[in-house]
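These notes concern the structure reproduced below.
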Amino acid sequence: MGQYLNIENNIFSVFNTDAWKAESIKTLPNNLVNVNSDGEFIRVSIIPSGNLTNINAKTGVLIIDIFTKVGIGPKRSITIADQLDSYLSGKTLSTTQGISVQFMGSSLKPNGRDKDNPTLYWYTYTIPFNYFEVQ
Amino acid sequence: MSYKNLIGRNVVKAFNLVGDLADDVIITNENSTDFDFSEGEVTHSKQTKITTQMIITEVSTKASEMKDDKKMALLKTAEVGDINDWSSLLYQGISWKFGPLIHSDRFVTIVEIHK
């Protein structure tokens, strides 16, 4: 399996856990339009953006767009960001032996109303990661 | 008679009056409600097929590295169902995908279709 797919599989595994499903936050990857939502969801985009010191390692950023209903204030978005932190910040993921994705600290930015759906407010949660492959 | 029914009936009549300018097409709609993070795939619900008529109002072909045959399709809103990213339109035996929705009211829908 290639590095990009390894990274995706490791990160996606977080959103496939029973614990994350129990959070009841609709989670979608990019390139998938949200339908049948009651107005709150997150969109996960993985950006492997650079190399580390050897070819079996990469750096990257996980960007998660958080959409909540307009007019409810920041608390819900921030709560979702904290929930994401509890699964990601400082954590190391490893679904396959010898492969790991190590997350650092996150940041959160409000962007205003979503342009496509102005009934949603949009925050961006960003967390850098390093990918390591031990052969 | 209500204006809604009156206009709706006239839209149907107009599609019949233009004769062979209106083509028979089959629209296939699929809804997705979820994404399977273990498989990395979209979970599709069942398909619905709708037989309707389409009037092509504009045709363009872009011959570049990204070849694109595009048509502007006029459809009866009451018969198109829920068009989304997974919808397709069967026209002259060829499957076309839907592009951006240009205009839609309760009577007619104008949408790009791409091959």
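Identifiers in this document derive from the order of the structure tokens: chains are assigned A, B, ..., residues are numbered from 1 separately in each chain, and ligands are numbered from 1 in order of occurrence.
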
Residue neighbourhood region 19-21 of chain B, 9 Å, only C-alpha atoms, exclusion window fewer than 3 positions, as a list of chain:residue names: B:Phe15, B:Asn16, B:Met54, B:Ile55, B:Ile56

9 Å contacts from chain A to chain B using only C-alpha atoms, as a list in words: Glu8, Asn9, Phe12, Ser13, Val14, Phe15, Asn16, Lys26, Thr27, Leu28, Pro29, Leu32, Val33, Asn34, Val35, Asn36 and Ser37 of chain A

Selection: 12 Å around Ser86 (chain A), only C-alpha atoms, excl. self and same-chain fewer than 6 positions, as a PyMOL selection string: chain A and resi 14+19-20+23+79-80+92+103-106

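Distance annotation: of B:Thr61, B:Lys46, B:Leu90, B:Val108, the residue with the minimal separation from Arg9 (chain B) is B:Val108; atom set is only C-alpha atoms.
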
Give me the residues near Lys70 (chain B) as an mmCIF file with N, CA, C and O atoms, in the first residue's frame, where near means some atom within 7 Å (using only C-alpha atoms) and where sequence neighbours in that chain fewer than 2 positions away do not count.
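Written out: result05.cif:
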data_model
loop_
_atom_site.group_PDB
_atom_site.id
_atom_site.type_symbol
_atom_site.label_atom_id
_atom_site.label_comp_id
_atom_site.auth_asym_id
_atom_site.auth_seq_id
_atom_site.Cartn_x
_atom_site.Cartn_y
_atom_site.Cartn_z
ATOM 1 N N VAL B 59 -25.429 23.682 -26.884
ATOM 2 C CA VAL B 59 -24.450 22.595 -26.994
ATOM 3 C C VAL B 59 -23.062 23.207 -27.094
ATOM 4 O O VAL B 59 -22.858 24.178 -27.804
ATOM 5 N N SER B 60 -22.116 22.656 -26.357
ATOM 6 C CA SER B 60 -20.735 23.116 -26.541
ATOM 7 C C SER B 60 -19.785 21.959 -26.289
ATOM 8 O O SER B 60 -20.035 21.089 -25.461
ATOM 9 N N THR B 61 -18.709 21.959 -27.048
ATOM 10 C CA THR B 61 -17.684 20.937 -26.887
ATOM 11 C C THR B 61 -16.348 21.622 -26.704
ATOM 12 O O THR B 61 -15.988 22.500 -27.487
ATOM 13 N N ASP B 68 -14.563 17.938 -22.929
ATOM 14 C CA ASP B 68 -15.844 18.021 -22.244
ATOM 15 C C ASP B 68 -16.953 18.330 -23.237
ATOM 16 O O ASP B 68 -16.908 19.354 -23.909
ATOM 17 N N MET B 72 -26.911 22.158 -22.384
ATOM 18 C CA MET B 72 -27.818 22.792 -21.432
ATOM 19 C C MET B 72 -29.164 22.113 -21.612
ATOM 20 O O MET B 72 -29.699 22.074 -22.726
ATOM 21 N N GLU B 112 -26.855 21.990 -16.514
ATOM 22 C CA GLU B 112 -25.823 21.517 -17.435
ATOM 23 C C GLU B 112 -25.731 19.998 -17.324
ATOM 24 O O GLU B 112 -25.825 19.448 -16.224
ATOM 25 N N ILE B 113 -25.525 19.347 -18.469
ATOM 26 C CA ILE B 113 -25.177 17.926 -18.429
ATOM 27 C C ILE B 113 -23.852 17.751 -19.160
ATOM 28 O O ILE B 113 -23.566 18.458 -20.121
ATOM 29 N N HIS B 114 -23.037 16.842 -18.668
ATOM 30 C CA HIS B 114 -21.684 16.649 -19.204
ATOM 31 C C HIS B 114 -21.444 15.190 -19.545
ATOM 32 O O HIS B 114 -21.899 14.301 -18.844
ATOM 33 N N LYS B 115 -20.656 14.985 -20.618
ATOM 34 C CA LYS B 115 -20.269 13.626 -20.984
ATOM 35 C C LYS B 115 -18.750 13.524 -20.905
ATOM 36 O O LYS B 115 -18.036 14.368 -21.440
#

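Reported to one decimal place, the separation of CA of Asp116 (chain A) from CA of Gln83 (chain A) is 25.6 Å.
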
DSSP strand (DSSP E or B) residues within chain A, as a PyMOL selection string: chain A and resi 27-29+41-51+57-69+92-93+99-103+107-113+120-133

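Remark: for Ile72 (chain A), the closest of the candidate residues A:Thr119, A:Ser49, A:Ala57, A:Tyr131 is A:Thr119 (distances computed over only C-alpha atoms).
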
Secondary structure check, helix (DSSP H, G or I) residues of chain A, as an NGL selection string: :A and (3-14 or 18-22 or 75-88)
